[in-house]
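A.B. asks: Quick one: this structure, given as structure tokens, is what I'll be asking you about.
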Amino acid sequence: MLRNNSKLTSESDETCIFCLIANGQDKETQVIKKNNELVCFRDIYPAAPHHYLVVPIQHIQNCFSLHRGNVDLVKRMAEMGKAVLQDQGITNMEDISLGFHQPPFTSVGHLHLHVLAPRSQIYGHLMYKFIPKTDNFVTEESLRNRIKDKASIVKGEWSELHKLSRPSIFSCLSVVGSRRYCSSSSREPQTFLSLATSTSSDWGIPRPSQAREEI
């Protein structure tokens, strides 16, 4: 277990729960492994016997924010994930899963790599979230291949990326702590229910009360 009492860096977002964790500002999360670039901690809602998240200390929104200059970053995230699995006693590195969710299937607006093992023991009711080569879940290798020829994002494109980053109401439960967070345009933490109520009409999805009536 590692603890870091440092302050938020200039590249952090004070409203982002993963930035708080990466900079030692969240007291509820135990950091398993850390260096000057990355942090690893357990997913609070594990989908497998071993389920960890690797995040960059720098605030990067999501997969769509990456470009060819980030190829090595993604590789290092995977390397840290594998190192943590080995530290935890995992020996079969063929039976693991490393990948990223993409908007609108992200729960927190801060790039994070899911590290799961054994892959063959991913819980059945959560398997749909971690199917490789889908819009939902992209493996770290596929992501590296995808961004290796992608130029840096120009300033004018950020507004379009922000639209793509709007969270799905089906993935608004945070994976950190007992609290529920969601990255939203208001930049304030919201509960799953409040976000679902406020955004369901935007996505053409019945509000929770309507959904219950229709079941």
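The chains in the structure tokens are called A, B, ... from first to last as shown; in each chain the residues are counted from 1, and the ligands are counted from 1 in the order shown.
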Which polymer residues have any atom within 7 Å of an atom of stretch 37-54 of chain A, counting only C-alpha atoms, with same-chain residues fewer than 6 positions away left out, as a tab-separated table (two decimals) with all heavy atoms, in the first residue's frame?
C.D. replies:
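And here's part-v1.tsv as it stands now:
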chain	number	residue	atom	x	y	z
A	22	ALA	N	-4.66	10.04	-7.87
A	22	ALA	CA	-3.29	10.04	-8.40
A	22	ALA	C	-2.38	10.98	-7.63
A	22	ALA	O	-1.17	10.76	-7.56
A	22	ALA	CB	-3.31	10.42	-9.87
A	30	GLN	N	-6.69	3.04	-1.77
A	30	GLN	CA	-5.34	2.56	-1.52
A	30	GLN	C	-4.60	2.40	-2.84
A	30	GLN	O	-5.03	1.64	-3.71
A	30	GLN	CB	-5.38	1.22	-0.78
A	30	GLN	CG	-6.02	1.30	0.60
A	30	GLN	CD	-6.05	-0.05	1.29
A	30	GLN	OE1	-5.68	-1.07	0.71
A	30	GLN	NE2	-6.52	-0.05	2.52
A	31	VAL	N	-3.53	3.12	-2.98
A	31	VAL	CA	-2.71	3.01	-4.18
A	31	VAL	C	-1.79	1.81	-4.04
A	31	VAL	O	-1.08	1.66	-3.05
A	31	VAL	CB	-1.89	4.30	-4.38
A	31	VAL	CG1	-0.89	4.13	-5.53
A	31	VAL	CG2	-2.82	5.48	-4.67
A	77	MET	N	1.40	1.96	-19.40
A	77	MET	CA	0.24	1.63	-18.57
A	77	MET	C	0.03	0.12	-18.52
A	77	MET	O	-0.23	-0.45	-17.46
A	77	MET	CB	-1.01	2.34	-19.11
A	77	MET	CG	-0.99	3.86	-18.96
A	77	MET	SD	-2.41	4.70	-19.73
A	77	MET	CE	-3.72	4.26	-18.57
A	81	GLY	N	0.31	-2.50	-15.33
A	81	GLY	CA	-0.77	-3.43	-15.01
A	81	GLY	C	-0.28	-4.86	-14.89
A	81	GLY	O	-0.64	-5.59	-13.95
A	112	HIS	N	-8.24	5.54	-18.16
A	112	HIS	CA	-7.87	4.47	-17.23
A	112	HIS	C	-7.89	3.12	-17.93
A	112	HIS	O	-8.77	2.82	-18.71
A	112	HIS	CB	-8.78	4.44	-15.99
A	112	HIS	CG	-10.25	4.43	-16.28
A	112	HIS	ND1	-10.96	5.56	-16.67
A	112	HIS	CD2	-11.16	3.42	-16.21
A	112	HIS	CE1	-12.23	5.25	-16.82
A	112	HIS	NE2	-12.38	3.96	-16.57
A	113	LEU	N	-6.87	2.35	-17.65
A	113	LEU	CA	-6.72	1.00	-18.20
A	113	LEU	C	-7.28	-0.01	-17.23
A	113	LEU	O	-6.90	-0.04	-16.05
A	113	LEU	CB	-5.24	0.70	-18.45
A	113	LEU	CG	-4.88	-0.75	-18.84
A	113	LEU	CD1	-5.38	-1.06	-20.24
A	113	LEU	CD2	-3.37	-0.97	-18.74
A	114	HIS	N	-8.19	-0.86	-17.72
A	114	HIS	CA	-8.70	-1.96	-16.90
A	114	HIS	C	-7.74	-3.14	-17.01
A	114	HIS	O	-7.33	-3.54	-18.11
A	114	HIS	CB	-10.09	-2.39	-17.39
A	114	HIS	CG	-11.17	-1.42	-17.04
A	114	HIS	ND1	-11.90	-1.50	-15.87
A	114	HIS	CD2	-11.63	-0.32	-17.70
A	114	HIS	CE1	-12.78	-0.51	-15.84
A	114	HIS	NE2	-12.64	0.22	-16.93
A	115	VAL	N	-7.38	-3.70	-15.88
A	115	VAL	CA	-6.47	-4.83	-15.79
A	115	VAL	C	-7.21	-5.95	-15.06
A	115	VAL	O	-7.50	-5.83	-13.87
A	115	VAL	CB	-5.19	-4.44	-15.03
A	115	VAL	CG1	-4.24	-5.63	-14.93
A	115	VAL	CG2	-4.50	-3.25	-15.68
A	116	LEU	N	-7.54	-7.02	-15.78
A	116	LEU	CA	-8.35	-8.09	-15.20
A	116	LEU	C	-7.65	-9.44	-15.32
A	116	LEU	O	-7.03	-9.74	-16.34
A	116	LEU	CB	-9.71	-8.17	-15.89
A	116	LEU	CG	-10.57	-6.91	-15.88
A	116	LEU	CD1	-10.48	-6.21	-17.23
A	116	LEU	CD2	-12.02	-7.23	-15.56
A	117	ALA	N	-7.81	-10.25	-14.28
A	117	ALA	CA	-7.25	-11.60	-14.29
A	117	ALA	C	-7.97	-12.46	-13.25
A	117	ALA	O	-8.37	-11.96	-12.20
A	117	ALA	CB	-5.74	-11.57	-14.01
A	118	PRO	N	-8.11	-13.74	-13.54
A	118	PRO	CA	-7.93	-14.36	-14.85
A	118	PRO	C	-9.05	-13.92	-15.83
A	118	PRO	O	-10.18	-13.75	-15.39
A	118	PRO	CB	-8.02	-15.86	-14.56
A	118	PRO	CG	-7.87	-15.99	-13.07
A	118	PRO	CD	-8.42	-14.73	-12.50
A	121	GLN	N	-12.14	-15.95	-15.87
A	121	GLN	CA	-13.02	-15.89	-14.70
A	121	GLN	C	-13.70	-14.53	-14.55
A	121	GLN	O	-14.17	-14.18	-13.47
A	121	GLN	CB	-12.22	-16.22	-13.43
A	121	GLN	CG	-11.70	-17.65	-13.40
A	121	GLN	CD	-10.95	-17.96	-12.11
A	121	GLN	OE1	-11.28	-17.46	-11.03
A	121	GLN	NE2	-9.92	-18.78	-12.22
A	122	ILE	N	-13.76	-13.75	-15.62
A	122	ILE	CA	-14.54	-12.52	-15.57
A	122	ILE	C	-15.99	-12.89	-15.28
A	122	ILE	O	-16.54	-13.81	-15.88
A	122	ILE	CB	-14.44	-11.74	-16.89
A	122	ILE	CG1	-13.01	-11.23	-17.09
A	122	ILE	CG2	-15.42	-10.57	-16.92
A	122	ILE	CD1	-12.78	-10.49	-18.39
A	123	TYR	N	-16.60	-12.20	-14.35
A	123	TYR	CA	-17.93	-12.55	-13.89
A	123	TYR	C	-18.94	-12.44	-15.03
A	123	TYR	O	-18.96	-11.46	-15.77
A	123	TYR	CB	-18.34	-11.65	-12.72
A	123	TYR	CG	-17.32	-11.67	-11.58
A	123	TYR	CD1	-17.00	-10.50	-10.90
A	123	TYR	CD2	-16.68	-12.85	-11.22
A	123	TYR	CE1	-16.08	-10.51	-9.87
A	123	TYR	CE2	-15.75	-12.87	-10.19
A	123	TYR	CZ	-15.44	-11.69	-9.52
A	123	TYR	OH	-14.51	-11.71	-8.51
A	126	LEU	N	-20.99	-9.39	-15.96
A	126	LEU	CA	-20.23	-8.21	-16.36
A	126	LEU	C	-19.40	-8.45	-17.62
A	126	LEU	O	-18.72	-7.54	-18.10
A	126	LEU	CB	-19.30	-7.78	-15.22
A	126	LEU	CG	-19.98	-7.31	-13.94
A	126	LEU	CD1	-18.95	-7.05	-12.84
A	126	LEU	CD2	-20.80	-6.04	-14.21
A	175	VAL	N	-16.02	3.74	-10.32
A	175	VAL	CA	-15.34	2.54	-9.84
A	175	VAL	C	-14.48	2.86	-8.63
A	175	VAL	O	-13.67	2.05	-8.23
A	175	VAL	CB	-14.44	1.97	-10.96
A	175	VAL	CG1	-15.29	1.39	-12.05
A	175	VAL	CG2	-13.52	3.05	-11.50
A	176	VAL	N	-14.66	4.01	-8.04
A	176	VAL	CA	-13.79	4.41	-6.94
A	176	VAL	C	-14.59	4.70	-5.68
A	176	VAL	O	-15.55	5.44	-5.70
A	176	VAL	CB	-12.99	5.66	-7.31
A	176	VAL	CG1	-12.09	6.06	-6.16
A	176	VAL	CG2	-12.15	5.38	-8.54
A	177	GLY	N	-14.16	4.10	-4.57
A	177	GLY	CA	-14.71	4.43	-3.27
A	177	GLY	C	-16.16	4.04	-3.15
A	177	GLY	O	-16.76	3.46	-4.03
A.B. asks: Could you list, as number ranges by chain, every residue within 10 Å of A:Asp72, counting only C-alpha atoms and ignoring same-chain residues fewer than 6 positions away?
C.D. replies: A: 78, 144, 148
A.B. asks: Rounded to one decimal in Å, what is the spacing between atom CA of A:Met127 and atom CA of A:Pro103?
C.D. replies: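 Straight-line distance from atom CA of A:Met127 to atom CA of A:Pro103 works out to 18.0 Å.
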A.B. asks: Among the residues of stretch 22-85 of chain A, find those DSSP assigns to strand (DSSP E) from the backbone and print them as number ranges by chain.
C.D. replies: A: 31-34, 38-42, 50-56
A.B. asks: Write the residues of the selection above to a file with N, CA and C atoms, as a PDB file, in the first residue's frame.
C.D. replies:
ATOM      1  N   VAL A  31      -3.534   3.116  -2.982  1.00  0.00           N
ATOM      2  CA  VAL A  31      -2.709   3.011  -4.181  1.00  0.00           C
ATOM      3  C   VAL A  31      -1.791   1.805  -4.045  1.00  0.00           C
ATOM      4  N   ILE A  32      -1.811   0.932  -5.042  1.00  0.00           N
ATOM      5  CA  ILE A  32      -1.010  -0.288  -5.009  1.00  0.00           C
ATOM      6  C   ILE A  32       0.378  -0.064  -5.576  1.00  0.00           C
ATOM      7  N   LYS A  33       0.441   0.705  -6.646  1.00  0.00           N
ATOM      8  CA  LYS A  33       1.725   0.941  -7.305  1.00  0.00           C
ATOM      9  C   LYS A  33       1.700   2.342  -7.912  1.00  0.00           C
ATOM     10  N   LYS A  34       2.848   3.025  -7.856  1.00  0.00           N
ATOM     11  CA  LYS A  34       2.918   4.388  -8.372  1.00  0.00           C
ATOM     12  C   LYS A  34       4.330   4.721  -8.803  1.00  0.00           C
ATOM     13  N   LEU A  38       2.376   7.272 -13.463  1.00  0.00           N
ATOM     14  CA  LEU A  38       1.188   6.423 -13.398  1.00  0.00           C
ATOM     15  C   LEU A  38       0.861   6.012 -11.971  1.00  0.00           C
ATOM     16  N   VAL A  39      -0.402   5.638 -11.778  1.00  0.00           N
ATOM     17  CA  VAL A  39      -0.873   5.135 -10.487  1.00  0.00           C
ATOM     18  C   VAL A  39      -1.770   3.932 -10.752  1.00  0.00           C
ATOM     19  N   CYS A  40      -1.702   2.930  -9.869  1.00  0.00           N
ATOM     20  CA  CYS A  40      -2.566   1.755  -9.984  1.00  0.00           C
ATOM     21  C   CYS A  40      -3.297   1.528  -8.660  1.00  0.00           C
ATOM     22  N   PHE A  41      -4.588   1.216  -8.765  1.00  0.00           N
ATOM     23  CA  PHE A  41      -5.396   0.923  -7.578  1.00  0.00           C
ATOM     24  C   PHE A  41      -6.496  -0.060  -7.972  1.00  0.00           C
ATOM     25  N   ARG A  42      -7.172  -0.627  -6.980  1.00  0.00           N
ATOM     26  CA  ARG A  42      -8.205  -1.620  -7.237  1.00  0.00           C
ATOM     27  C   ARG A  42      -9.500  -0.956  -7.722  1.00  0.00           C
ATOM     28  N   HIS A  50      -9.147 -10.515  -9.866  1.00  0.00           N
ATOM     29  CA  HIS A  50      -8.187  -9.422  -9.818  1.00  0.00           C
ATOM     30  C   HIS A  50      -8.633  -8.370 -10.836  1.00  0.00           C
ATOM     31  N   HIS A  51      -8.908  -7.168 -10.371  1.00  0.00           N
ATOM     32  CA  HIS A  51      -9.368  -6.099 -11.256  1.00  0.00           C
ATOM     33  C   HIS A  51      -8.787  -4.785 -10.753  1.00  0.00           C
ATOM     34  N   TYR A  52      -7.872  -4.241 -11.531  1.00  0.00           N
ATOM     35  CA  TYR A  52      -7.168  -3.017 -11.151  1.00  0.00           C
ATOM     36  C   TYR A  52      -7.323  -1.969 -12.244  1.00  0.00           C
ATOM     37  N   LEU A  53      -7.076  -0.732 -11.872  1.00  0.00           N
ATOM     38  CA  LEU A  53      -7.082   0.376 -12.822  1.00  0.00           C
ATOM     39  C   LEU A  53      -5.716   1.044 -12.817  1.00  0.00           C
ATOM     40  N   VAL A  54      -5.197   1.326 -13.992  1.00  0.00           N
ATOM     41  CA  VAL A  54      -3.960   2.098 -14.127  1.00  0.00           C
ATOM     42  C   VAL A  54      -4.326   3.421 -14.787  1.00  0.00           C
ATOM     43  N   VAL A  55      -3.964   4.533 -14.141  1.00  0.00           N
ATOM     44  CA  VAL A  55      -4.312   5.845 -14.674  1.00  0.00           C
ATOM     45  C   VAL A  55      -3.076   6.733 -14.732  1.00  0.00           C
ATOM     46  N   PRO A  56      -3.012   7.615 -15.710  1.00  0.00           N
ATOM     47  CA  PRO A  56      -1.916   8.592 -15.738  1.00  0.00           C
ATOM     48  C   PRO A  56      -2.172   9.688 -14.712  1.00  0.00           C
TER      49      PRO A  56
END
A.B. asks: Of the candidates A:Ile57, A:Leu85, A:Cys19, A:Met93, which one gets nearest to A:Leu73 if we count only C-alpha atoms?
C.D. replies: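 Looking only at the distances to A:Leu73, the closest residue turns out to be A:Ile57.
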A.B. asks: Which is closest to A:Glu140 among A:Lys27, A:His59, A:His110, A:Arg76, if we use only C-alpha atoms?
C.D. replies: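 Once distances to A:Glu140 are computed over only C-alpha atoms, the minimum belongs to A:Arg76.
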A.B. asks: Point out the residue among A:Met80, A:Val74, A:Thr106, A:Ile17 with the least atom-to-atom distance to A:Asn35, counting only C-alpha atoms.
C.D. replies: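 Using only C-alpha atoms, the shortest distance to A:Asn35 belongs to A:Met80.
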A.B. asks: If you run DSSP on the backbone here, which positions in stretch 72-110 of chain A get helix (DSSP H, G or I)? Please write them as a PyMOL selection string.
C.D. replies: chain A and resi 72-87
A.B. asks: I need the residues from that last selection saved to file as a compact mmCIF listing (two decimals), in the first residue's frame (with all heavy atoms), if you can.
C.D. replies:
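So result13.txt came out as:
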# COMPACT_ATOMS: atom_id res chain seq x y z
N ASP A 72 3.66 5.31 -26.35
CA ASP A 72 4.50 4.76 -25.29
C ASP A 72 3.81 4.85 -23.93
O ASP A 72 4.02 4.00 -23.06
CB ASP A 72 5.85 5.48 -25.24
CG ASP A 72 6.75 5.11 -26.41
OD1 ASP A 72 6.49 4.07 -27.05
OD2 ASP A 72 7.70 5.87 -26.70
N LEU A 73 2.99 5.88 -23.73
CA LEU A 73 2.23 5.99 -22.49
C LEU A 73 1.31 4.80 -22.32
O LEU A 73 1.26 4.18 -21.24
CB LEU A 73 1.42 7.29 -22.48
CG LEU A 73 0.39 7.42 -21.34
CD1 LEU A 73 1.08 7.48 -19.99
CD2 LEU A 73 -0.51 8.64 -21.56
N VAL A 74 0.57 4.46 -23.37
CA VAL A 74 -0.34 3.32 -23.30
C VAL A 74 0.44 2.03 -23.03
O VAL A 74 0.02 1.18 -22.23
CB VAL A 74 -1.14 3.19 -24.62
CG1 VAL A 74 -1.99 1.92 -24.61
CG2 VAL A 74 -2.02 4.42 -24.81
N LYS A 75 1.60 1.91 -23.65
CA LYS A 75 2.44 0.73 -23.43
C LYS A 75 2.90 0.65 -21.98
O LYS A 75 2.88 -0.42 -21.36
CB LYS A 75 3.65 0.77 -24.37
CG LYS A 75 4.56 -0.44 -24.26
CD LYS A 75 5.71 -0.35 -25.26
CE LYS A 75 6.62 -1.56 -25.16
NZ LYS A 75 7.75 -1.48 -26.12
N ARG A 76 3.29 1.79 -21.42
CA ARG A 76 3.75 1.80 -20.02
C ARG A 76 2.60 1.52 -19.06
O ARG A 76 2.80 0.90 -18.00
CB ARG A 76 4.42 3.13 -19.70
CG ARG A 76 5.77 3.31 -20.37
CD ARG A 76 6.52 4.51 -19.85
NE ARG A 76 5.87 5.78 -20.17
CZ ARG A 76 6.09 6.48 -21.28
NH1 ARG A 76 6.93 6.02 -22.19
NH2 ARG A 76 5.47 7.63 -21.47
N MET A 77 1.40 1.96 -19.40
CA MET A 77 0.24 1.63 -18.57
C MET A 77 0.03 0.12 -18.52
O MET A 77 -0.23 -0.45 -17.46
CB MET A 77 -1.01 2.34 -19.11
CG MET A 77 -0.99 3.86 -18.96
SD MET A 77 -2.41 4.70 -19.73
CE MET A 77 -3.72 4.26 -18.57
N ALA A 78 0.15 -0.52 -19.68
CA ALA A 78 0.00 -1.98 -19.73
C ALA A 78 1.11 -2.67 -18.95
O ALA A 78 0.87 -3.66 -18.24
CB ALA A 78 0.00 -2.44 -21.19
N GLU A 79 2.31 -2.16 -19.04
CA GLU A 79 3.44 -2.76 -18.32
C GLU A 79 3.23 -2.67 -16.81
O GLU A 79 3.51 -3.62 -16.08
CB GLU A 79 4.74 -2.06 -18.72
CG GLU A 79 5.18 -2.39 -20.14
CD GLU A 79 6.36 -1.56 -20.61
OE1 GLU A 79 6.68 -0.56 -19.91
OE2 GLU A 79 6.95 -1.88 -21.65
N MET A 80 2.71 -1.53 -16.34
CA MET A 80 2.44 -1.42 -14.91
C MET A 80 1.34 -2.39 -14.50
O MET A 80 1.43 -3.04 -13.45
CB MET A 80 2.05 0.00 -14.52
CG MET A 80 1.64 0.12 -13.04
SD MET A 80 1.27 1.79 -12.47
CE MET A 80 2.94 2.43 -12.19
N GLY A 81 0.31 -2.50 -15.33
CA GLY A 81 -0.77 -3.43 -15.01
C GLY A 81 -0.28 -4.86 -14.89
O GLY A 81 -0.64 -5.59 -13.95
N LYS A 82 0.57 -5.28 -15.81
CA LYS A 82 1.11 -6.63 -15.77
C LYS A 82 2.01 -6.82 -14.54
O LYS A 82 2.00 -7.89 -13.91
CB LYS A 82 1.90 -6.91 -17.05
CG LYS A 82 1.04 -7.01 -18.29
CD LYS A 82 1.89 -7.19 -19.55
CE LYS A 82 1.04 -7.25 -20.80
NZ LYS A 82 1.85 -7.39 -22.03
N ALA A 83 2.77 -5.79 -14.20
CA ALA A 83 3.65 -5.88 -13.03
C ALA A 83 2.83 -6.05 -11.75
O ALA A 83 3.20 -6.83 -10.86
CB ALA A 83 4.53 -4.64 -12.94
N VAL A 84 1.72 -5.34 -11.67
CA VAL A 84 0.85 -5.47 -10.50
C VAL A 84 0.27 -6.88 -10.42
O VAL A 84 0.22 -7.49 -9.34
CB VAL A 84 -0.28 -4.42 -10.54
CG1 VAL A 84 -1.35 -4.73 -9.50
CG2 VAL A 84 0.29 -3.02 -10.30
N LEU A 85 -0.17 -7.42 -11.55
CA LEU A 85 -0.69 -8.79 -11.55
C LEU A 85 0.36 -9.78 -11.07
O LEU A 85 0.06 -10.69 -10.27
CB LEU A 85 -1.17 -9.16 -12.95
CG LEU A 85 -2.43 -8.45 -13.46
CD1 LEU A 85 -2.75 -8.90 -14.88
CD2 LEU A 85 -3.62 -8.71 -12.54
N GLN A 86 1.58 -9.62 -11.53
CA GLN A 86 2.65 -10.51 -11.10
C GLN A 86 2.92 -10.35 -9.61
O GLN A 86 3.15 -11.33 -8.90
CB GLN A 86 3.91 -10.24 -11.92
CG GLN A 86 3.77 -10.66 -13.39
CD GLN A 86 4.94 -10.26 -14.24
OE1 GLN A 86 5.66 -9.30 -13.93
NE2 GLN A 86 5.17 -10.98 -15.34
N ASP A 87 2.88 -9.11 -9.13
CA ASP A 87 3.06 -8.87 -7.69
C ASP A 87 1.96 -9.54 -6.87
O ASP A 87 2.18 -9.92 -5.71
CB ASP A 87 3.05 -7.36 -7.40
CG ASP A 87 4.28 -6.65 -7.93
OD1 ASP A 87 5.26 -7.34 -8.26
OD2 ASP A 87 4.24 -5.40 -8.03
